[in-house]
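Structure first, then comments.
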Protein chains: 6
Amino acid sequence: MFTTSLGEDGAELRPLEPWRAEEFLAHMERGREFIGRHITLADRVTDLASSRAYLQSYADKAASDTGRMYGIWLDGGLVGGVLIRTMDVVLGNAEVGCWLEPRAAGRGLVTRAIRLLVDWLFEERGVHRVEWQAVSANTASLAVAKRLGMTKEGVLRESYPYRGERHDVEIWSVLAPEWRA
Amino acid sequence: MFTTSLGEDGAELRPLEPWRAEEFLAHMERGREFIGRHITLADRVTDLASSRAYLQSYADKAASDTGRMYGIWLDGGLVGGVLIRTMDVVLGNAEVGCWLEPRAAGRGLVTRAIRLLVDWLFEERGVHRVEWQAVSANTASLAVAKRLGMTKEGVLRESYPYRGERHDVEIWSVLAPEWRA
Amino acid sequence: MFTTSLGEDGAELRPLEPWRAEEFLAHMERGREFIGRHITLADRVTDLASSRAYLQSYADKAASDTGRMYGIWLDGGLVGGVLIRTMDVVLGNAEVGCWLEPRAAGRGLVTRAIRLLVDWLFEERGVHRVEWQAVSANTASLAVAKRLGMTKEGVLRESYPYRGERHDVEIWSVLAPEWRA
Amino acid sequence: MFTTSLGEDGAELRPLEPWRAEEFLAHMERGREFIGRHITLADRVTDLASSRAYLQSYADKAASDTGRMYGIWLDGGLVGGVLIRTMDVVLGNAEVGCWLEPRAAGRGLVTRAIRLLVDWLFEERGVHRVEWQAVSANTASLAVAKRLGMTKEGVLRESYPYRGERHDVEIWSVLAPEWRA
Amino acid sequence: MFTTSLGEDGAELRPLEPWRAEEFLAHMERGREFIGRHITLADRVTDLASSRAYLQSYADKAASDTGRMYGIWLDGGLVGGVLIRTMDVVLGNAEVGCWLEPRAAGRGLVTRAIRLLVDWLFEERGVHRVEWQAVSANTASLAVAKRLGMTKEGVLRESYPYRGERHDVEIWSVLAPEWRA
Amino acid sequence: MFTTSLGEDGAELRPLEPWRAEEFLAHMERGREFIGRHITLADRVTDLASSRAYLQSYADKAASDTGRMYGIWLDGGLVGGVLIRTMDVVLGNAEVGCWLEPRAAGRGLVTRAIRLLVDWLFEERGVHRVEWQAVSANTASLAVAKRLGMTKEGVLRESYPYRGERHDVEIWSVLAPEWRA
């Protein structure tokens with residue numbers, strides 16, 4: 001129920017809810033090194049309690065309509081996900097993001113999944129602007145922004161402390177009229 | 001995204017969230033008299049604020065994993081819904097229910113939608129027992145319980161005050177092994 | 001202050017509040033095996049913190065007018081209790097229950113105490129229906145329902161998981177007009 | 001249930017809970033002018049909502065074990081009450097107070113009721129010191145403190161603004177050893 | 001007490017707390033048209049309740065160490081203010097902002113006040129990066145960023161809906177080592 | 001920023017906020033024995049978590065406008081503080097207090113700092129009455145009350161349990177007209 005197909009390879013998108021904390025943790029164990037190169041997610045999900053807490057934070061965002069989190073399943077296993085990190089339908093702005101296990105990289109899964117999110121934000125929720133943020137070194141993430149047709153708007157210098165260093169963060173975005181064009 | 005087909009007639013099931021409060025209210029306006037014959041829902045959703053509040057109560061249940069609400073769309077319009085009124089995955093019990101606009105009655109929409117909910121409760125969530133409650137006069141609702149293969153377990157006498165009178169409530173249920181049989 | 005006599009044998013009913021957590025725990029230690037045969041209470045009160053938490057949950061119900069808990073004292077010692085597990089004065093429904101140490105069984109203490117609760121619910125609070133629930137194997141508890149003149153309304157099959165098995169739960173009730181008759 | 005006799009004239013003490021808001025309001029209407037000469041209670045209970053809110057504030061104190069409120073019934077009607085305005089069993093301190101309709105004055109009802117409260121505080125709850133506060137002009141209230149054997153400890157100058165003027169407040173107290181003597 | 005001089009013209013900086021709601025509202029009445037050209041503040045503070053609520057939101061940020069708000073007084077009157085709109089000392093990031101009545105413009109008051117905030121953030125609180133955001137048309141605000149030696153990092157396109165149109169927002173920042181240089 | 005000079009010896013008063021928890025704890029370590037002779041503060045701040053919690057309790061009071069806490073710095077080190085333990089601007093009452101490391105005693109620091117607090121309470125906040133409480137044996141504290149021109153109003157007998165004994169507490173106060181005289 002409520003599984004959305006991501007294409008002919010059988011990949012699927014599903015709400016990623018707190019009751020999947022064990023599955024989410026196992027997935028994070030498999031992808032920890034790869035996922036943790038650029039984002040804090042890997043460091044924040046380290047046991048069942050933190051896994052549940054992380055998913056609960058998005059369950060709470062869903063209830064307050066300020067965010068959403070979805071997992072990507074491939075061949076029956078959770079291999080990554082996409083999320084609406086923030087959304088404000090009154091202001092018409094949202095920020096989306098993603099993560100993947102290495103075995104699922106290179107297939108366009110995230111791009112497909114993000115397209116669904118952006119469609120939903122623009123067409124069903126009336127959002128005007130969708131933002132993408134990634135550290136400058138995260139070339140895989142920035143490549144998604146480019147593939148989605150986003151525009152680079154700037155660089156927040158040394159705004160992201162991670163593993164002992166401060167990193168620049170790029171901001172990209174796409175506006176509703178651009179998306180529809 | 002996250003639309004589940006209910007069959008070849010194009011009926012669909014979707015999460016019914018607070019941002020759909022206007023659509024939910026309009027639906028309730030259309031079905032108020034019919035829906036209100038046996039359940040309080042019609043009396044509780046009377047304007048945009050109460051519509052939003054009602055949907056929010058289920059958004060909160062979703063966040064705390066104690067309930068869910070889904071709408072049924074037919075020919076592009078919201079015509080009814082099904083819900084998990086209560087669920088306790090630790091105890092393994094849940095109660096499900098439904099409502100419909102008259103124009104959508106007689107097509108088995110609720111039965112199809114409830115089957116999805118019960119499948120999810122038994123197969124994905126590990127629930128053991130799913131309950132159905134309806135006042136004795138609500139024959140349409142009780143017919144759904146029968147069609148689902150539920151067993152009548154008892155009658156809570158005069159337990160449901162509605163529109164000036166106290167009504168008997170029937171309890172039906174199906175257990176996981178029965179469902180799978 | 002606020003002790004209610006239960007009869008000529010000196011038994012008394014008093015509010016059972018969080019500040020009695022030590023006394024409640026000692027009582028539970030004495031009756032744990034007997035009390036724990038059919039209900040979870042014994043498993044939930046195992047040290048001072050859980051004793052206090054359990055009593056606090058009923059202090060909170062009292063404050064929100066959704067439940068009450070009273071202890072039964074005999075010969076100066078706490079030997080059991082009765083409670084209004086749920087009450088909804090708007091709907092006019094309540095559920096009552098009880099527990100006892102073995103040394104206090106067979107004296108009709110619970111029946112006397114429950115009569116006071118039911119009188120209060122019907123006559124002072126305007127409740128219409130009082131329910132009693134017990135697993136089918138708990139013959140002592142079901143005997144109380146019978147002695148109170150309650151009617152058996154049904155059996156919730158396998159609704160109560162306890163100590164590794166799922167148990168059937170009987171529902172009995174008495175209505176205000178029946179009580180007064 | 002849980003009515004405590006105050007003596008041979010049939011006066012009784014009972015918990016004064018939010019569900020008695022209508023009765024409490026009617027009582028306040030009868031006694032408003034008299035009760036309002038020295039204390040704010042009369043000004044704070046002016047309709048059903050404020051009556052319920054006031055009683056709820058004490059229901060919440062009961063749940064957190066920081067206060068209690070009891071009504072005095074005479075000839076079947078609510079005529080006044082006593083309260084534990086604050087209590088801190090860790091520090092061993094409490095403050096008690098009272099109010100009365102004029103028709104119930106002059107019978108020693110408050111003195112009798114306060115004795116029960118003080119007994120409970122000292123003997124059951126282990127409090128060491130019970131305080132009484134009243135504005136200097138409230139001779140009836142101060143007379144109760146004297147009758148209870150309390151000692152005047154000081155005067156908080158101009159500490160109590162009421163109806164446009166600031167009033168001195170006297171503090172009296174009795175200690176557990178004094179009470180028992 | 002806790003007034004900080006802003007220079008020889010007698011201008012002063014003080015915490016702007018909820019108890020100053022009347023003064024804040026009067027100030028906003030005087031500056032509403034001017035202040036409201038580019039920022040929502042003017043539209044959000046329209047009566048005593050909204051004035052108090054706005055100031056309370058910053059009192060709450062102060063208590064949770066996530067923001068601060070200070071007023072600028074000139075010749076005894078409140079003429080503007082500066083604020084730390086967001087701060088996260090764990091991440092080392094903060095965003096600051098300002099507003100002014102027209103009569104106080106052109107004196108460098110905001111620049112002086114912001115210097116104090118940035119000093120405090122960098123030197124006392126260990127923040128690494130301070131951000132400034134303003135719509136592209138708000139040249140006065142952007143001039144402050146320049147005067148403070150900030151660097152323009154990008155433009156968030158159409159991210160700010162205000163009075164019926166969506167506006168571009170510029171992001172500027174200064175890093176601790178730059179500030180100290 | 002927001003440092004207030006206490007005089008020519010360089011002593012300064014600053015808000016004492018949760019982010020100073022380490023500094024506050026170190027100060028308490030130095031003064032623990034001396035400070036702990038008469039007040040519980042020393043026993044309540046024993047590690048970083050309790051230090052932060054104590055300061056947070058006053059940050060919360062500041063946000064709700066019911067108290068304030070300020071530290072006294074001398075020669076660059078935190079040596080003591082003053083606080084508004086309670087304040088109710090609607091009733092016009094407040095209670096102030098203080099503590100000091102021994103090395104800072106005998107310089108009138110507290111008297112100077114309290115004068116600032118009392119001025120603020122009377123002149124800026126419209127408070128009518130400021131109270132001072134200290135156990136009878138705390139002669140240094142009572143000497144401050146005298147120096148401030150306060151009047152002794154009474155003694156709360158055995159109201160303060162501390163380190164195994166109950167102590168008398170003196171109440172002193174000054175009223176706004178007296179302060180201005």
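Naming works like this for the structure tokens: A, B, ... for the chains as they're shown, residue 1 at the start of each chain, ligands 1 onward in shown order.
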Spatial neighbours of Tyr70 of chain D, max dist 8 Å, only C-alpha atoms, sep filter under 4 positions, as a CSV table (one decimal) with all heavy atoms, in the first residue's frame:
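And here's out_1.csv as it stands now:
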```
chain,number,residue,atom,x,y,z
D,13,LEU,N,-17.4,17.5,54.4
D,13,LEU,CA,-16.3,18.0,53.5
D,13,LEU,C,-16.2,17.0,52.4
D,13,LEU,O,-16.2,15.8,52.6
D,13,LEU,CB,-15.0,18.0,54.4
D,13,LEU,CG,-13.9,18.8,53.9
D,13,LEU,CD1,-14.2,20.3,53.9
D,13,LEU,CD2,-12.7,18.6,54.8
D,14,ARG,N,-16.0,17.5,51.1
D,14,ARG,CA,-15.8,16.6,50.0
D,14,ARG,C,-14.8,17.3,49.0
D,14,ARG,O,-14.7,18.5,49.0
D,14,ARG,CB,-17.1,16.5,49.2
D,14,ARG,CG,-18.2,15.8,49.9
D,14,ARG,CD,-19.5,15.8,49.0
D,14,ARG,NE,-20.7,15.5,49.8
D,14,ARG,CZ,-21.9,15.9,49.6
D,14,ARG,NH1,-22.1,16.7,48.5
D,14,ARG,NH2,-22.9,15.6,50.3
D,15,PRO,N,-14.1,16.5,48.3
D,15,PRO,CA,-13.3,17.0,47.2
D,15,PRO,C,-14.1,17.9,46.3
D,15,PRO,O,-15.2,17.6,46.0
D,15,PRO,CB,-12.7,15.8,46.5
D,15,PRO,CG,-12.9,14.7,47.4
D,15,PRO,CD,-14.1,15.0,48.3
D,16,LEU,N,-13.5,19.1,46.0
D,16,LEU,CA,-14.2,20.0,45.1
D,16,LEU,C,-13.5,20.0,43.8
D,16,LEU,O,-12.5,20.6,43.6
D,16,LEU,CB,-14.2,21.4,45.8
D,16,LEU,CG,-15.1,22.5,45.3
D,16,LEU,CD1,-16.5,22.0,45.0
D,16,LEU,CD2,-15.1,23.7,46.2
D,81,GLY,N,-15.5,26.5,51.7
D,81,GLY,CA,-14.5,25.4,51.5
D,81,GLY,C,-13.2,25.8,52.2
D,81,GLY,O,-13.0,26.8,52.8
D,82,VAL,N,-12.3,24.8,52.1
D,82,VAL,CA,-11.0,25.0,52.7
D,82,VAL,C,-10.0,24.5,51.6
D,82,VAL,O,-10.4,23.6,50.8
D,82,VAL,CB,-10.7,24.2,54.0
D,82,VAL,CG1,-11.5,24.8,55.1
D,82,VAL,CG2,-11.1,22.7,53.8
D,83,LEU,N,-8.8,25.0,51.6
D,83,LEU,CA,-7.8,24.5,50.6
D,83,LEU,C,-6.4,24.5,51.1
D,83,LEU,O,-6.1,25.2,52.1
D,83,LEU,CB,-7.9,25.4,49.4
D,83,LEU,CG,-8.0,26.9,49.6
D,83,LEU,CD1,-6.6,27.5,49.9
D,83,LEU,CD2,-8.5,27.6,48.3
```
List every residue of segment 25-147 of chain E that DSSP, applied to the backbone, labels as strand (DSSP E), and write the result as a ChimeraX atom specification. /E:68-74,77-88,93-100,129-135
Please, which residues in segment 29-105 of chain F fall within 8 Å of segment 145-160 of chain D when counting only C-alpha atoms, and what is the closest atom pair and distance in Å to one decimal for each, ordered by chain then residue number, as a Markdown table?
```
| residue | atom | partner | partner_atom | distance |
| --- | --- | --- | --- | --- |
| F:Leu91 | CA | D:Tyr160 | CA | 7.0 |
| F:Gly92 | CA | D:Ser159 | CA | 7.8 |
| F:Asn93 | CA | D:Ser159 | CA | 6.7 |
```
Applying 8 Å and only C-alpha atoms, which residues near segment 41-49 of chain C remain after dropping the ones on its own chain fewer than 6 positions away? List them as a ChimeraX atom specification. /C:21-22,25,28-29,32-33,35
Selection export as a compact mmCIF listing (two decimals), in the first residue's frame, atoms kept: all heavy atoms:
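Below is the file that was written, selection-v5.txt:
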```txt
# COMPACT_ATOMS: atom_id res chain seq x y z
N ALA C 21 3.35 5.52 47.11
CA ALA C 21 4.04 4.59 46.22
C ALA C 21 4.78 3.48 46.97
O ALA C 21 4.80 2.33 46.53
CB ALA C 21 5.02 5.36 45.33
N GLU C 22 5.35 3.80 48.11
CA GLU C 22 6.07 2.76 48.87
C GLU C 22 5.10 1.71 49.39
O GLU C 22 5.35 0.50 49.29
CB GLU C 22 6.82 3.39 50.04
CG GLU C 22 8.09 4.11 49.60
CD GLU C 22 8.96 4.48 50.79
OE1 GLU C 22 9.21 3.62 51.66
OE2 GLU C 22 9.39 5.65 50.85
N LEU C 25 3.85 -0.40 46.54
CA LEU C 25 4.86 -1.36 46.10
C LEU C 25 4.94 -2.57 47.06
O LEU C 25 4.98 -3.72 46.63
CB LEU C 25 6.23 -0.68 46.00
CG LEU C 25 7.40 -1.59 45.65
CD1 LEU C 25 7.22 -2.23 44.28
CD2 LEU C 25 8.72 -0.81 45.70
N MET C 28 2.13 -4.76 46.46
CA MET C 28 2.30 -5.50 45.21
C MET C 28 3.32 -6.64 45.41
O MET C 28 3.17 -7.72 44.84
CB MET C 28 2.74 -4.54 44.10
CG MET C 28 2.32 -4.94 42.71
SD MET C 28 0.58 -5.40 42.52
CE MET C 28 -0.24 -3.86 43.03
N GLU C 29 4.33 -6.40 46.21
CA GLU C 29 5.30 -7.46 46.49
C GLU C 29 4.59 -8.65 47.15
O GLU C 29 4.82 -9.80 46.80
CB GLU C 29 6.39 -6.95 47.44
CG GLU C 29 7.27 -5.84 46.88
CD GLU C 29 8.13 -6.26 45.70
OE1 GLU C 29 8.04 -7.44 45.28
OE2 GLU C 29 8.86 -5.42 45.17
N ARG C 32 2.10 -10.20 44.43
CA ARG C 32 2.50 -10.24 43.02
C ARG C 32 2.08 -11.51 42.30
O ARG C 32 1.50 -11.48 41.22
CB ARG C 32 4.02 -10.05 42.91
CG ARG C 32 4.49 -9.85 41.47
CD ARG C 32 5.98 -9.51 41.41
NE ARG C 32 6.36 -8.39 42.24
CZ ARG C 32 6.13 -7.12 41.94
NH1 ARG C 32 5.51 -6.81 40.83
NH2 ARG C 32 6.50 -6.17 42.77
N GLU C 33 2.33 -12.64 42.88
CA GLU C 33 2.06 -13.89 42.17
C GLU C 33 0.57 -14.06 41.91
O GLU C 33 0.15 -14.35 40.80
CB GLU C 33 2.59 -15.08 42.98
CG GLU C 33 2.65 -16.36 42.18
CD GLU C 33 3.22 -17.50 43.02
OE1 GLU C 33 3.57 -17.26 44.21
OE2 GLU C 33 3.29 -18.62 42.52
N ILE C 35 -1.89 -11.68 42.10
CA ILE C 35 -2.45 -10.61 41.26
C ILE C 35 -2.03 -10.79 39.81
O ILE C 35 -2.80 -10.53 38.89
CB ILE C 35 -2.00 -9.24 41.79
CG1 ILE C 35 -2.62 -8.99 43.18
CG2 ILE C 35 -2.38 -8.12 40.83
CD1 ILE C 35 -2.03 -7.81 43.93
```
Backbone DSSP call of alpha helix (DSSP H) for segment 5-158 of chain F, listed as JSON, numbers by chain: {"F": [21, 22, 23, 24, 25, 26, 27, 28, 29, 30, 31, 32, 33, 34, 35, 41, 42, 43, 44, 48, 49, 50, 51, 52, 53, 54, 55, 56, 57, 58, 59, 60, 61, 62, 63, 109, 110, 111, 112, 113, 114, 115, 116, 117, 118, 119, 139, 140, 141, 142, 143, 144, 145, 146, 147]}
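The space between atom CA of Ala104 of chain F and atom CA of Val144 of chain F spans 14.3 Å.
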Each residue of chain B lying at most 10 Å from chain A should get a row with its shortest atom-to-atom pair and the distance in Å to one decimal, counting only C-alpha atoms; could you produce that, ordered by chain and increasing number, as CSV?
```
residue,atom,partner,partner_atom,distance
B:Met1,CA,A:Thr4,CA,6.3
B:Phe2,CA,A:Phe2,CA,4.6
B:Thr3,CA,A:Phe2,CA,5.9
B:Thr4,CA,A:Phe2,CA,5.4
B:Ser5,CA,A:Met1,CA,9.0
B:Leu13,CA,A:Phe2,CA,8.3
B:Arg14,CA,A:Phe2,CA,7.6
B:Pro15,CA,A:Phe2,CA,8.5
B:Glu17,CA,A:Ala63,CA,8.4
B:Pro18,CA,A:Asp65,CA,8.2
B:Trp19,CA,A:Asp65,CA,8.0
B:Arg20,CA,A:Arg125,CA,9.7
B:Leu55,CA,A:Ala63,CA,10.0
B:Gln56,CA,A:Ala63,CA,7.3
B:Ser57,CA,A:Ala63,CA,9.2
B:Tyr58,CA,A:Ala63,CA,8.6
B:Ala59,CA,A:Ala63,CA,4.9
B:Asp60,CA,A:Ala63,CA,5.7
B:Lys61,CA,A:Ala63,CA,8.6
B:Ala62,CA,A:Ala63,CA,7.4
B:Ala63,CA,A:Ala59,CA,4.9
B:Ser64,CA,A:Ala59,CA,8.0
B:Asp65,CA,A:Trp19,CA,7.9
B:Val89,CA,A:Trp19,CA,9.6
B:Ala113,CA,A:Met1,CA,9.9
B:Leu116,CA,A:Met1,CA,6.6
B:Leu117,CA,A:Met1,CA,8.0
B:Asp119,CA,A:Met1,CA,8.8
B:Trp120,CA,A:Met1,CA,7.1
B:Glu124,CA,A:Met1,CA,9.9
B:Arg125,CA,A:Trp19,CA,8.2
```
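In this comparison, which uses only C-alpha atoms, the residue of A:His128, A:Leu121, A:Arg107, A:Gly71 approaching Glu165 of chain E most closely is A:His128.
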Need the shell around Ile39 of chain F: protein/DNA/RNA residues with any atom at most 12 Å away, counting only C-alpha atoms. Skip same-chain ones fewer than 4 positions apart. Format as a JSON list (two decimals) with N, CA, C and O atoms, in the first residue's frame?
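Printed below is around_37.json as written:
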```
[["chain", "number", "residue", "atom", "x", "y", "z"],
["F", 32, "ARG", "N", 32.26, 26.95, 47.15],
["F", 32, "ARG", "CA", 31.24, 26.02, 47.64],
["F", 32, "ARG", "C", 31.07, 26.02, 49.16],
["F", 32, "ARG", "O", 29.96, 26.15, 49.68],
["F", 33, "GLU", "N", 32.15, 25.92, 49.86],
["F", 33, "GLU", "CA", 32.05, 25.81, 51.32],
["F", 33, "GLU", "C", 31.44, 27.08, 51.94],
["F", 33, "GLU", "O", 30.52, 27.02, 52.74],
["F", 34, "PHE", "N", 31.96, 28.20, 51.48],
["F", 34, "PHE", "CA", 31.51, 29.50, 52.00],
["F", 34, "PHE", "C", 30.05, 29.76, 51.63],
["F", 34, "PHE", "O", 29.22, 30.11, 52.47],
["F", 35, "ILE", "N", 29.74, 29.58, 50.34],
["F", 35, "ILE", "CA", 28.38, 29.86, 49.85],
["F", 35, "ILE", "C", 27.38, 28.89, 50.47],
["F", 35, "ILE", "O", 26.25, 29.24, 50.79],
["F", 43, "ASP", "N", 24.75, 23.31, 46.95],
["F", 43, "ASP", "CA", 24.43, 21.89, 46.84],
["F", 43, "ASP", "C", 23.72, 21.56, 45.53],
["F", 43, "ASP", "O", 23.67, 20.39, 45.14],
["F", 44, "ARG", "N", 23.19, 22.56, 44.87],
["F", 44, "ARG", "CA", 22.43, 22.30, 43.64],
["F", 44, "ARG", "C", 23.28, 22.40, 42.39],
["F", 44, "ARG", "O", 22.84, 21.98, 41.32],
["F", 45, "VAL", "N", 24.47, 22.97, 42.50],
["F", 45, "VAL", "CA", 25.35, 23.14, 41.33],
["F", 45, "VAL", "C", 26.61, 22.33, 41.58],
["F", 45, "VAL", "O", 27.56, 22.79, 42.21],
["F", 97, "GLY", "N", 17.88, 38.35, 45.97],
["F", 97, "GLY", "CA", 18.83, 37.63, 46.81],
["F", 97, "GLY", "C", 20.22, 37.72, 46.22],
["F", 97, "GLY", "O", 20.44, 38.38, 45.19],
["F", 98, "CYS", "N", 21.18, 37.03, 46.85],
["F", 98, "CYS", "CA", 22.58, 37.17, 46.43],
["F", 98, "CYS", "C", 23.42, 35.99, 46.90],
["F", 98, "CYS", "O", 22.96, 35.16, 47.68],
["F", 99, "TRP", "N", 24.63, 35.89, 46.40],
["F", 99, "TRP", "CA", 25.65, 34.98, 46.90],
["F", 99, "TRP", "C", 27.02, 35.51, 46.49],
["F", 99, "TRP", "O", 27.13, 36.28, 45.54],
["F", 100, "LEU", "N", 28.05, 35.08, 47.19],
["F", 100, "LEU", "CA", 29.41, 35.57, 46.93],
["F", 100, "LEU", "C", 30.45, 34.52, 47.26],
["F", 100, "LEU", "O", 30.26, 33.73, 48.19],
["F", 133, "GLN", "N", 14.83, 37.62, 51.85],
["F", 133, "GLN", "CA", 14.68, 36.53, 52.83],
["F", 133, "GLN", "C", 16.05, 35.92, 53.12],
["F", 133, "GLN", "O", 16.84, 35.70, 52.20],
["F", 134, "ALA", "N", 16.29, 35.65, 54.39],
["F", 134, "ALA", "CA", 17.54, 34.97, 54.76],
["F", 134, "ALA", "C", 17.33, 34.26, 56.09],
["F", 134, "ALA", "O", 16.53, 34.70, 56.92],
["F", 135, "VAL", "N", 18.02, 33.15, 56.27],
["F", 135, "VAL", "CA", 17.93, 32.47, 57.56],
["F", 135, "VAL", "C", 18.55, 33.37, 58.63],
["F", 135, "VAL", "O", 19.48, 34.14, 58.35],
["F", 136, "SER", "N", 18.06, 33.26, 59.82],
["F", 136, "SER", "CA", 18.46, 34.18, 60.89],
["F", 136, "SER", "C", 19.96, 34.14, 61.16],
["F", 136, "SER", "O", 20.56, 35.14, 61.57],
["F", 137, "ALA", "N", 20.56, 33.00, 60.90],
["F", 137, "ALA", "CA", 22.00, 32.88, 61.17],
["F", 137, "ALA", "C", 22.86, 33.52, 60.08],
["F", 137, "ALA", "O", 24.06, 33.71, 60.26],
["F", 138, "ASN", "N", 22.25, 33.87, 58.97],
["F", 138, "ASN", "CA", 23.02, 34.42, 57.84],
["F", 138, "ASN", "C", 23.19, 35.93, 58.04],
["F", 138, "ASN", "O", 22.58, 36.74, 57.34],
["F", 141, "SER", "N", 24.00, 38.28, 55.06],
["F", 141, "SER", "CA", 22.87, 38.56, 54.17],
["F", 141, "SER", "C", 21.93, 39.58, 54.81],
["F", 141, "SER", "O", 21.48, 40.52, 54.16],
["F", 160, "TYR", "N", 12.75, 26.47, 56.79],
["F", 160, "TYR", "CA", 13.79, 26.21, 55.80],
["F", 160, "TYR", "C", 14.65, 25.03, 56.24],
["F", 160, "TYR", "O", 15.55, 25.17, 57.08],
["F", 161, "PRO", "N", 14.39, 23.84, 55.69],
["F", 161, "PRO", "CA", 15.21, 22.68, 56.05],
["F", 161, "PRO", "C", 16.51, 22.73, 55.27],
["F", 161, "PRO", "O", 16.50, 22.88, 54.05],
["F", 162, "TYR", "N", 17.60, 22.64, 55.95],
["F", 162, "TYR", "CA", 18.89, 22.69, 55.26],
["F", 162, "TYR", "C", 19.93, 21.89, 56.03],
["F", 162, "TYR", "O", 20.16, 22.13, 57.19],
["F", 163, "ARG", "N", 20.51, 20.94, 55.34],
["F", 163, "ARG", "CA", 21.55, 20.11, 55.93],
["F", 163, "ARG", "C", 21.13, 19.52, 57.27],
["F", 163, "ARG", "O", 21.87, 19.57, 58.25],
["F", 167, "HIS", "N", 15.49, 25.76, 59.80],
["F", 167, "HIS", "CA", 15.96, 27.09, 60.21],
["F", 167, "HIS", "C", 14.85, 28.12, 60.09],
["F", 167, "HIS", "O", 13.98, 28.02, 59.22],
["F", 169, "VAL", "N", 13.51, 31.75, 59.02],
["F", 169, "VAL", "CA", 13.81, 32.64, 57.90],
["F", 169, "VAL", "C", 13.25, 34.03, 58.20],
["F", 169, "VAL", "O", 12.07, 34.16, 58.52]]
```
By how many Å are atom CA of Asp88 of chain A and atom CA of Arg52 of chain E apart?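 Distance between the two atoms: 24.2 Å.
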Who sits within 6 Å of Glu101 of chain A, only C-alpha atoms, same chain under 4 positions skipped, as a PyMOL selection string: chain A and resi 31+79-80
